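K.L.:
Quick one: structure below, then a few questions.
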Protein chains: 2
Amino acid sequence: MRDPVEEVLIKGRAAREAANLLRAASTAAKNQALLAMADALEAQQKRILEANAQDIQRAERSGASKAFVDRLRLTPERIQGMAAGLRQIAALEDPVGKIEGMWRRPNGMWVGRMRVPIGVIAMIYEARPNVTVDAAGLCVKAGNAAILRGGSEAVHSNRMLVQLLSDALATSGLPASAVQTLETTDHAAVIELARHPEYIDLVIPRGSEALIRAVVENARVPVLKHFKGVCHVYVDREADQEKALRIVLNAKVQRPSVCNAMETLLVDQAIAQEFLHRVIPELEAAGVEVRGCPRTRAVTPHVKEATEDDWSAEYLDLVLAVRVVDGLEEAIAHIQRYSTGLADAIVTENYGRAMRFVYAVDSAAVLVNASTRLVDGGEFGLGAEIGISTDRLHARGPMGLEELTTKKFVVLGSGQVRE
Amino acid sequence: MRDPVEEVLIKGRAAREAANLLRAASTAAKNQALLAMADALEAQQKRILEANAQDIQRAERSGASKAFVDRLRLTPERIQGMAAGLRQIAALEDPVGKIEGMWRRPNGMWVGRMRVPIGVIAMIYEARPNVTVDAAGLCVKAGNAAILRGGSEAVHSNRMLVQLLSDALATSGLPASAVQTLETTDHAAVIELARHPEYIDLVIPRGSEALIRAVVENARVPVLKHFKGVCHVYVDREADQEKALRIVLNAKVQRPSVCNAMETLLVDQAIAQEFLHRVIPELEAAGVEVRGCPRTRAVTPHVKEATEDDWSAEYLDLVLAVRVVDGLEEAIAHIQRYSTGLADAIVTENYGRAMRFVYAVDSAAVLVNASTRLVDGGEFGLGAEIGISTDRLHARGPMGLEELTTKKFVVLGSGQVRE
């Protein structure tokens with residue numbers, strides 16, 4: 001199956017058929033399949049590690065960085081982690097069939113909205129093979145068929161994982177083609193996924209900006225983008241500086257390589273002198289390179305000068321842009337201009353300014369006195385997440401099981417007609 | 001402003017600025033503007049009728065049908081109806097700022113979702129000028145800026161209406177460019193609307209299938225399609241036949257020209273003899289042309305023969321396809337194959353089959369013992385509707401004010417960080 005278009009058509013058709021069956025599957029059947037998937041990963045650990053070794057070997061030969069190879073590498077512990085993830089998904093409440101209230105109309109009919117699966121979801125993502133298992137598990141639990149296209153670097157690992165998951169589905173009585181992977185690593189196949197609304201209902205691209213743009217440009221199917229995160233923390237003049245220190249350090253340092261890490265720190269000029277003298281040494285001690293605006297450098301002259309590009313940079317690394325602002329309104333204006341709208345936070349003990357920030361900042365997540373790193377499906381209590389949507393429609397911010405469903409109206413009448 | 005691309009860019013930029021202001025507008029300010037818009041329509045009735053007369057004259061000269069001219073025609077009563085519509089929208093609850101519950105996480109932070117405006121909405125629709133006023137009112141109430149592109153046949157009417165609405169916004173202290181119309185009737189401009197995510201957040205096309213397809217094909221902006229409705233009523237063997245007669249007649253005859261009218265009637269073979277002898281004469285008495293499957297024609301041989309094309313036809317007229325099916329499962333299979341997923345109904349007194357139909361039929365609205373004509377924002381209690389989405393994501397079925405908003409996560413913490 002070398003032709004990417006043909007592969008997408010064949011797998012799309014199989015996915016559509018699987019989705020039609022999965023839509024009607026009981027919660028018990030889906031949970032049983034998820035547990036069988038978990039068992040299969042543990043039982044076939046050796047085969048997974050062998051497949052993974054091929055990817056690792058190729059990556060090392062091609063001179064990939066140590067960090068990259070580490071992300072790609074599977075270990076018995078990581079495989080157990082993936083199996084545990086599937087068992088957790090099995091334990092989550094099934095969103096399908098949920099009706100969040102019905103209301104009675106004056107003519108006596110009842111109207112409500114029932115959650116139903118989306119259908120077929122195509123997901124495009126990068127190197128880490130655990131995403132394959134998470135995405136498959138979440139899609140199946142929400143009653144969707146999944147076509148997964150991981151990074152080409154993980155092709156052997158992903159192929160083995162999907163084969164095991166697919167076999168486990170079949171032995172549990174669910175359609176094997178509810179979870180499929182694309183073989184072709186061709187970009188054309190990725191784009192083709194977004195061109196067949198007859199087979200695919202939603203495409204979720206996570207990955208390089210160029211890839212996401214190419215998908216959007218060519219899509220006929222709805223796309224939920226997982227774009228980059230340029231996240232801000234604004235430290236207000238009435239901030240509790242102990243909290244501010246803890247939040248700033250956590251948002252930057254705890255895991256700098258992810259989209260919800262802070263990239264720009266905004267500091268109210270009224271406390272800049274005091275706060276910058278406290279926070280910058282701590283950041284530097286944690287290995288952070290600070291790039292400051294002129295007013296920042298007036299306080300701490302040794303830091304590098306920030307350029308215009310720094311305000312829109314997603315470093316994903318131990319680098320931080322710092323800007324001193326006149327106050328809340330300038331902070332909001334800066335965020336409105338430079339934020340990618342993923343997560344932005346204020347640190348303040350002033351009630352009015354906290355409320356103003358919550359209303360004025362239009363990001364997927366707006367936080368008061370909490371680290372941007374907490375913007376996460378697990379931390380928010382959504383159970384698990386398939387990613388963080390930077391789109392405005394359907395799902396915005398962390399996407400859990402519920403965001404993998406849609407709704408339909410249910411009307412229970414007793415002979416009502418339109419007058 | 002003759003270049004369609006230039007017009008879209010200029011109006012898009014103005015709309016984005018207006019949306020940034022409107023997002024923060026209070027409910028009181030928005031309601032005041034809506035009432036001023038209603039007053040302006042009534043006060044300037046003469047100018048509206050003059051503008052409309054130009055459209056009518058042109059349509060009559062071009063030989064448009066009487067029905068078409070009637071849809072286009074404004075009268076003092078219809079203008080009062082539009083003004084009343086705006087006052088009703090002013091009276092609706094503002095969805096913006098609503099938080100439907102917050103939850104507390106183990107670390108003590110509160111997480112909730114707040115409804116916020118989408119931003120800039122471009123709407124593409126057909127001849128009836130009242131849609132211009134409804135869409136403008138609903139968008140403004142939900143805090144969105146609107147770019148409206150009605151049918152070229154209504155260009156004078158729409159231009160006058162939008163000018164009055166825009167002036168009323170400005171005199172109420174809201175941005176005049178929160179409601180704009182495209183001047184160019186060029187299709188290129190319509191498609192251009194969907195290519196600028198920097199200015200436009202959502203495109204809602206209602207209109208010809210060709211136009212909708214062209215928009216989808218070229219879009220970089222999310223699109224909510226309002227496609228056609230091939231709606232079904234299935235009359236089960238245990239239907240209350242009095243209810244069934246009333247529902248079938250209503251679904252076909254009450255207003256055949258709209259998307260939620262029934263196009264295909266499915267009848268359980270167990271009652272076909274009795275029910276068809278009752279319903280077909282009544283349909284025919286109401287002017288309906290019936291096209292039947294062989295089993296239908298075995299009962300009522302005088303009806304025309306239905307061809308394969310009839311099962312997917314959206315007649316929007318007094319024509320009905322009738323098919324006798326073996327029972328519920330064949331009805332569901334027929335609907336799964338031919339329905340456009342807008343609205344499908346079952347008539348039955350059998351509880352189990354009603355529930356089976358509700359779960360198995362995957363349409364935007366699934367009805368038990370009620371007419372498909374009731375699938376409507378007003379009838380459902382959504383207050384008003386901007387249209388009926390046949391898409392699966394974000395909004396499915398009747399779209400009210402709430403569907404013109406999105407959500408953001410709000411996190412209220414007290415110093416929480418990611419462990």
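Order determines the names: the first chain of the structure tokens is A, the second B, and so forth; residues in each chain are numbered 1 upward, and ligands are numbered 1 upward as they are shown.
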Got a sec to pull out which chain B residues are within 7 Å of chain A, counting only C-alpha atoms, and send them as a ChimeraX atom specification?
P.N.:
/B:105,111,118,216-217,220,222,243,247,250,363-371,373-374,380-381,392-394,396,406-418
K.L.:
Next, the residues of the selection above should be written as a PDB file, in the first residue's frame with C-alpha atoms.
P.N.:
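Final file, again.pdb:
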```pdb
ATOM      1  CA  ARG B 105      -9.542  20.444  42.471  1.00  0.00           C
ATOM      2  CA  VAL B 111     -11.784  25.527  37.564  1.00  0.00           C
ATOM      3  CA  ILE B 118     -16.545  33.973  19.276  1.00  0.00           C
ATOM      4  CA  VAL B 216     -15.440  24.771   2.430  1.00  0.00           C
ATOM      5  CA  GLU B 217     -12.972  23.969  -0.322  1.00  0.00           C
ATOM      6  CA  ARG B 220      -8.807  28.575   6.333  1.00  0.00           C
ATOM      7  CA  PRO B 222     -13.752  27.285  10.598  1.00  0.00           C
ATOM      8  CA  LYS B 243     -50.929  11.235  15.933  1.00  0.00           C
ATOM      9  CA  ILE B 247     -47.471  14.657  12.353  1.00  0.00           C
ATOM     10  CA  ASN B 250     -47.716  18.865   9.485  1.00  0.00           C
ATOM     11  CA  SER B 363     -29.058  13.173  13.324  1.00  0.00           C
ATOM     12  CA  ALA B 364     -28.851  16.690  14.724  1.00  0.00           C
ATOM     13  CA  ALA B 365     -32.370  16.186  16.051  1.00  0.00           C
ATOM     14  CA  VAL B 366     -34.103  12.868  16.709  1.00  0.00           C
ATOM     15  CA  LEU B 367     -37.811  13.106  17.532  1.00  0.00           C
ATOM     16  CA  VAL B 368     -40.357  10.738  19.043  1.00  0.00           C
ATOM     17  CA  ASN B 369     -44.011  11.524  18.283  1.00  0.00           C
ATOM     18  CA  ALA B 370     -43.356  15.081  17.122  1.00  0.00           C
ATOM     19  CA  SER B 371     -43.181  16.835  13.768  1.00  0.00           C
ATOM     20  CA  ARG B 373     -41.018  21.098  11.674  1.00  0.00           C
ATOM     21  CA  LEU B 374     -40.501  21.627  15.418  1.00  0.00           C
ATOM     22  CA  PHE B 380     -36.807  24.358  21.228  1.00  0.00           C
ATOM     23  CA  GLY B 381     -36.760  27.316  23.598  1.00  0.00           C
ATOM     24  CA  ARG B 392     -21.233  17.836  13.741  1.00  0.00           C
ATOM     25  CA  LEU B 393     -18.863  20.085  15.692  1.00  0.00           C
ATOM     26  CA  HIS B 394     -19.366  23.176  17.857  1.00  0.00           C
ATOM     27  CA  ARG B 396     -25.372  20.873  15.681  1.00  0.00           C
ATOM     28  CA  THR B 406     -17.344  29.867  22.810  1.00  0.00           C
ATOM     29  CA  LYS B 407     -15.877  29.162  26.249  1.00  0.00           C
ATOM     30  CA  LYS B 408     -12.660  29.820  28.075  1.00  0.00           C
ATOM     31  CA  PHE B 409     -11.361  28.102  31.190  1.00  0.00           C
ATOM     32  CA  VAL B 410     -11.154  30.278  34.288  1.00  0.00           C
ATOM     33  CA  VAL B 411      -8.873  29.121  37.098  1.00  0.00           C
ATOM     34  CA  LEU B 412      -9.079  30.790  40.515  1.00  0.00           C
ATOM     35  CA  GLY B 413      -6.073  29.749  42.539  1.00  0.00           C
ATOM     36  CA  SER B 414      -4.228  30.680  45.683  1.00  0.00           C
ATOM     37  CA  GLY B 415      -0.652  30.008  44.649  1.00  0.00           C
ATOM     38  CA  GLN B 416      -0.997  26.524  43.105  1.00  0.00           C
ATOM     39  CA  VAL B 417       1.842  25.132  41.016  1.00  0.00           C
ATOM     40  CA  ARG B 418       2.360  21.901  39.068  1.00  0.00           C
TER      41      ARG B 418
END
```
K.L.:
From region 29-142 of chain A, collect each residue whose DSSP state is alpha helix (DSSP H) and return the set as a compact mmCIF listing (two decimals) with N, CA and C atoms, in the first residue's frame.
P.N.:
```txt
# COMPACT_ATOMS: atom_id res chain seq x y z
N ALA A 29 -18.67 -2.93 26.93
CA ALA A 29 -17.87 -3.49 25.83
C ALA A 29 -16.63 -2.64 25.58
N LYS A 30 -16.81 -1.31 25.62
CA LYS A 30 -15.66 -0.42 25.38
C LYS A 30 -14.63 -0.57 26.50
N ASN A 31 -15.12 -0.64 27.74
CA ASN A 31 -14.18 -0.78 28.86
C ASN A 31 -13.43 -2.10 28.81
N GLN A 32 -14.15 -3.15 28.45
CA GLN A 32 -13.51 -4.47 28.34
C GLN A 32 -12.41 -4.41 27.29
N ALA A 33 -12.67 -3.75 26.18
CA ALA A 33 -11.66 -3.63 25.12
C ALA A 33 -10.46 -2.82 25.61
N LEU A 34 -10.72 -1.77 26.38
CA LEU A 34 -9.61 -0.95 26.90
C LEU A 34 -8.72 -1.76 27.83
N LEU A 35 -9.36 -2.59 28.66
CA LEU A 35 -8.58 -3.43 29.57
C LEU A 35 -7.79 -4.48 28.78
N ALA A 36 -8.41 -5.03 27.74
CA ALA A 36 -7.70 -6.00 26.89
C ALA A 36 -6.52 -5.33 26.19
N MET A 37 -6.69 -4.09 25.78
CA MET A 37 -5.60 -3.34 25.16
C MET A 37 -4.44 -3.18 26.14
N ALA A 38 -4.79 -2.85 27.38
CA ALA A 38 -3.75 -2.68 28.42
C ALA A 38 -3.01 -4.00 28.64
N ASP A 39 -3.77 -5.08 28.77
CA ASP A 39 -3.16 -6.39 28.99
C ASP A 39 -2.23 -6.76 27.83
N ALA A 40 -2.68 -6.47 26.60
CA ALA A 40 -1.88 -6.82 25.43
C ALA A 40 -0.54 -6.09 25.43
N LEU A 41 -0.54 -4.82 25.83
CA LEU A 41 0.72 -4.08 25.86
C LEU A 41 1.69 -4.72 26.84
N GLU A 42 1.17 -5.11 28.00
CA GLU A 42 2.06 -5.73 28.99
C GLU A 42 2.54 -7.10 28.53
N ALA A 43 1.61 -7.88 27.96
CA ALA A 43 1.96 -9.24 27.53
C ALA A 43 2.98 -9.22 26.38
N GLN A 45 5.24 -6.93 25.72
CA GLN A 45 6.28 -5.93 25.99
C GLN A 45 7.53 -6.16 25.15
N LYS A 46 7.91 -7.43 25.00
CA LYS A 46 9.14 -7.74 24.28
C LYS A 46 9.06 -7.29 22.82
N ARG A 47 7.93 -7.58 22.19
CA ARG A 47 7.78 -7.18 20.79
C ARG A 47 7.78 -5.66 20.63
N ILE A 48 7.17 -4.99 21.60
CA ILE A 48 7.14 -3.52 21.53
C ILE A 48 8.56 -2.96 21.64
N LEU A 49 9.32 -3.52 22.59
CA LEU A 49 10.69 -3.02 22.79
C LEU A 49 11.56 -3.29 21.57
N GLU A 50 11.32 -4.44 20.93
CA GLU A 50 12.09 -4.75 19.71
C GLU A 50 11.78 -3.75 18.59
N ALA A 51 10.49 -3.48 18.42
CA ALA A 51 10.10 -2.52 17.38
C ALA A 51 10.68 -1.14 17.71
N ASN A 52 10.58 -0.78 18.97
CA ASN A 52 11.10 0.52 19.40
C ASN A 52 12.61 0.61 19.18
N ALA A 53 13.30 -0.51 19.40
CA ALA A 53 14.76 -0.50 19.22
C ALA A 53 15.13 -0.12 17.78
N GLN A 54 14.32 -0.53 16.82
CA GLN A 54 14.58 -0.15 15.43
C GLN A 54 14.50 1.36 15.24
N ASP A 55 13.47 1.96 15.86
CA ASP A 55 13.33 3.41 15.75
C ASP A 55 14.50 4.13 16.43
N ILE A 56 14.87 3.61 17.60
CA ILE A 56 15.96 4.23 18.37
C ILE A 56 17.26 4.18 17.57
N GLN A 57 17.50 2.99 17.02
CA GLN A 57 18.73 2.79 16.26
C GLN A 57 18.81 3.78 15.08
N ARG A 58 17.67 3.89 14.37
CA ARG A 58 17.66 4.78 13.22
C ARG A 58 17.87 6.23 13.65
N ALA A 59 17.22 6.60 14.76
CA ALA A 59 17.33 7.98 15.24
C ALA A 59 18.77 8.28 15.64
N GLU A 60 19.39 7.32 16.34
CA GLU A 60 20.78 7.54 16.79
C GLU A 60 21.71 7.66 15.60
N ARG A 61 21.47 6.77 14.59
CA ARG A 61 22.30 6.82 13.39
C ARG A 61 22.18 8.15 12.67
N LYS A 66 20.07 13.75 22.09
CA LYS A 66 19.83 12.83 23.20
C LYS A 66 18.40 13.00 23.72
N ALA A 67 17.96 14.26 23.80
CA ALA A 67 16.60 14.54 24.30
C ALA A 67 15.56 13.92 23.38
N PHE A 68 15.80 14.02 22.08
CA PHE A 68 14.86 13.46 21.11
C PHE A 68 14.78 11.94 21.25
N VAL A 69 15.96 11.32 21.34
CA VAL A 69 16.00 9.86 21.47
C VAL A 69 15.31 9.44 22.76
N ASP A 70 15.49 10.23 23.79
CA ASP A 70 14.85 9.89 25.07
C ASP A 70 13.33 9.93 24.98
N ARG A 71 12.81 10.92 24.24
CA ARG A 71 11.36 11.01 24.06
C ARG A 71 10.82 9.80 23.29
N LEU A 72 11.65 9.32 22.39
CA LEU A 72 11.25 8.22 21.52
C LEU A 72 11.34 6.87 22.24
N PRO A 76 10.31 -0.85 29.86
CA PRO A 76 9.23 -1.60 30.53
C PRO A 76 8.37 -0.68 31.40
N GLU A 77 8.99 0.29 32.07
CA GLU A 77 8.22 1.20 32.91
C GLU A 77 7.27 2.05 32.07
N ARG A 78 7.77 2.54 30.94
CA ARG A 78 6.91 3.37 30.10
C ARG A 78 5.75 2.57 29.49
N ILE A 79 6.04 1.31 29.15
CA ILE A 79 4.96 0.46 28.62
C ILE A 79 3.91 0.22 29.70
N GLN A 80 4.40 -0.03 30.93
CA GLN A 80 3.45 -0.18 32.03
C GLN A 80 2.65 1.10 32.26
N GLY A 81 3.33 2.24 32.06
CA GLY A 81 2.64 3.52 32.18
C GLY A 81 1.53 3.66 31.15
N MET A 82 1.80 3.22 29.93
CA MET A 82 0.78 3.29 28.88
C MET A 82 -0.40 2.37 29.21
N ALA A 83 -0.08 1.18 29.71
CA ALA A 83 -1.16 0.24 30.09
C ALA A 83 -1.98 0.82 31.23
N ALA A 84 -1.30 1.43 32.20
CA ALA A 84 -2.02 2.05 33.33
C ALA A 84 -2.91 3.17 32.83
N GLY A 85 -2.44 3.92 31.83
CA GLY A 85 -3.24 5.00 31.25
C GLY A 85 -4.54 4.46 30.65
N LEU A 86 -4.43 3.33 29.94
CA LEU A 86 -5.63 2.72 29.34
C LEU A 86 -6.61 2.27 30.43
N ARG A 87 -6.06 1.72 31.52
CA ARG A 87 -6.95 1.27 32.61
C ARG A 87 -7.63 2.46 33.28
N GLN A 88 -6.89 3.58 33.36
CA GLN A 88 -7.52 4.81 33.89
C GLN A 88 -8.64 5.28 32.99
N ILE A 89 -8.42 5.22 31.69
CA ILE A 89 -9.47 5.65 30.75
C ILE A 89 -10.69 4.75 30.89
N ALA A 90 -10.44 3.43 31.08
CA ALA A 90 -11.56 2.50 31.28
C ALA A 90 -12.37 2.90 32.51
N ALA A 91 -11.68 3.45 33.52
CA ALA A 91 -12.36 3.81 34.78
C ALA A 91 -13.11 5.14 34.68
N ASN A 130 3.84 7.15 23.29
CA ASN A 130 2.75 7.01 24.26
C ASN A 130 1.50 7.75 23.82
N VAL A 131 1.68 8.79 22.96
CA VAL A 131 0.52 9.52 22.46
C VAL A 131 -0.38 8.58 21.65
N THR A 132 0.23 7.64 20.94
CA THR A 132 -0.53 6.67 20.15
C THR A 132 -1.53 5.92 21.03
N VAL A 133 -1.04 5.45 22.18
CA VAL A 133 -1.88 4.65 23.06
C VAL A 133 -2.94 5.53 23.74
N ASP A 134 -2.54 6.70 24.24
CA ASP A 134 -3.50 7.62 24.86
C ASP A 134 -4.62 7.98 23.90
N ALA A 135 -4.22 8.38 22.68
CA ALA A 135 -5.21 8.84 21.71
C ALA A 135 -6.16 7.70 21.33
N ALA A 136 -5.60 6.51 21.12
CA ALA A 136 -6.44 5.36 20.78
C ALA A 136 -7.44 5.08 21.90
N GLY A 137 -6.94 5.08 23.14
CA GLY A 137 -7.80 4.79 24.28
C GLY A 137 -8.93 5.80 24.45
N LEU A 138 -8.58 7.09 24.34
CA LEU A 138 -9.59 8.13 24.51
C LEU A 138 -10.63 8.09 23.39
N CYS A 139 -10.17 7.87 22.16
CA CYS A 139 -11.11 7.81 21.04
C CYS A 139 -12.08 6.65 21.20
N VAL A 140 -11.54 5.47 21.55
CA VAL A 140 -12.41 4.29 21.70
C VAL A 140 -13.41 4.51 22.83
N LYS A 141 -12.95 5.05 23.95
CA LYS A 141 -13.87 5.26 25.08
C LYS A 141 -15.01 6.19 24.70
```
K.L.:
Could you tell me how far CA of Val120 (chain B) sits from CA of Arg16 (chain B), in Å to one decimal place?
P.N.:
6.3 Å
K.L.:
Do a neighbour search on region 278-294 of chain B at 7 Å with only C-alpha atoms, toss out local chain neighbours closer than 5 positions, and write the hits as a ChimeraX atom specification.
P.N.:
/B:245,249,303-306,318-324
K.L.:
Would you mind listing what lies within 6 Å of region 167-181 of chain A as a ChimeraX atom specification, with only C-alpha atoms counted and same-chain residues fewer than 6 positions away left out?
P.N.:
/A:15,18,33,36-37,145-149
K.L.:
Write out as number ranges by chain all residues of region 76-280 of chain B that backbone DSSP assigns to strand (DSSP E).
P.N.:
B: 99-104, 110-117, 120-124, 145-149, 179-181, 202-205, 231-235, 262-268
K.L.:
Would you export the selected residues with C-alpha atoms as an mmCIF file, in the first residue's frame, please?
P.N.:
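Generated file (part_4.cif):
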```cif
data_model
loop_
_atom_site.group_PDB
_atom_site.id
_atom_site.type_symbol
_atom_site.label_atom_id
_atom_site.label_comp_id
_atom_site.auth_asym_id
_atom_site.auth_seq_id
_atom_site.Cartn_x
_atom_site.Cartn_y
_atom_site.Cartn_z
ATOM 1 C CA ILE B 99 -20.120 30.072 34.052
ATOM 2 C CA GLU B 100 -22.054 26.814 34.215
ATOM 3 C CA GLY B 101 -20.521 25.560 37.435
ATOM 4 C CA MET B 102 -16.979 25.625 38.776
ATOM 5 C CA TRP B 103 -15.317 22.668 40.414
ATOM 6 C CA ARG B 104 -12.651 22.496 43.091
ATOM 7 C CA TRP B 110 -11.295 26.298 41.259
ATOM 8 C CA VAL B 111 -11.784 25.527 37.564
ATOM 9 C CA GLY B 112 -14.746 26.533 35.416
ATOM 10 C CA ARG B 113 -15.679 27.463 31.874
ATOM 11 C CA MET B 114 -16.923 30.947 31.050
ATOM 12 C CA ARG B 115 -18.911 31.722 27.901
ATOM 13 C CA VAL B 116 -17.236 34.389 25.765
ATOM 14 C CA PRO B 117 -17.968 35.798 22.294
ATOM 15 C CA VAL B 120 -15.971 38.028 14.125
ATOM 16 C CA ILE B 121 -18.643 35.986 12.346
ATOM 17 C CA ALA B 122 -19.175 36.133 8.595
ATOM 18 C CA MET B 123 -22.576 34.999 7.436
ATOM 19 C CA ILE B 124 -23.557 34.137 3.881
ATOM 20 C CA ALA B 145 -18.990 41.553 15.144
ATOM 21 C CA ALA B 146 -20.793 40.434 11.979
ATOM 22 C CA ILE B 147 -19.981 40.671 8.307
ATOM 23 C CA LEU B 148 -23.166 39.894 6.424
ATOM 24 C CA ARG B 149 -23.349 38.892 2.798
ATOM 25 C CA VAL B 179 -22.335 45.130 11.679
ATOM 26 C CA GLN B 180 -21.148 45.415 8.097
ATOM 27 C CA THR B 181 -22.278 44.129 4.738
ATOM 28 C CA LEU B 202 -16.208 31.680 11.857
ATOM 29 C CA VAL B 203 -18.033 31.538 8.540
ATOM 30 C CA ILE B 204 -21.655 30.399 8.457
ATOM 31 C CA PRO B 205 -22.785 29.699 4.901
ATOM 32 C CA CYS B 231 -35.883 14.595 6.850
ATOM 33 C CA HIS B 232 -37.776 11.378 7.572
ATOM 34 C CA VAL B 233 -40.835 10.357 9.539
ATOM 35 C CA TYR B 234 -41.090 6.638 10.325
ATOM 36 C CA VAL B 235 -44.555 5.379 11.263
ATOM 37 C CA MET B 262 -40.295 15.981 5.799
ATOM 38 C CA GLU B 263 -39.160 14.666 2.416
ATOM 39 C CA THR B 264 -39.551 10.913 2.914
ATOM 40 C CA LEU B 265 -42.227 8.961 4.796
ATOM 41 C CA LEU B 266 -41.317 5.455 5.963
ATOM 42 C CA VAL B 267 -44.176 3.118 6.903
ATOM 43 C CA ASP B 268 -43.953 -0.197 8.731
#
```
K.L.:
Closest to Asp94 (chain A) among A:Ser389, A:Glu153, A:Ile191, A:Ser26, using only C-alpha atoms?
P.N.:
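Once distances to Asp94 (chain A) are computed over only C-alpha atoms, the minimum belongs to A:Ser26.
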K.L.:
Counting only C-alpha atoms, which of B:Glu385, B:Glu7, B:Asp309, B:Glu402 gets nearest to Glu192 (chain B)?
P.N.:
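Using only C-alpha atoms, the shortest distance to Glu192 (chain B) belongs to B:Glu7.
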K.L.:
Work out how far apart CA of His302 (chain A) and CA of Asp326 (chain A) are and give it in Å to one decimal.
P.N.:
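For CA of His302 (chain A) relative to CA of Asp326 (chain A), the distance reads 22.1 Å.
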K.L.:
Which one is closest to Leu182 (chain B): B:Val162, B:Val299, B:Ile200, B:Ala239? Count only C-alpha atoms.
P.N.:
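Between B:Val162, B:Val299, B:Ile200, B:Ala239, the residue approaching Leu182 (chain B) most closely is B:Val162.
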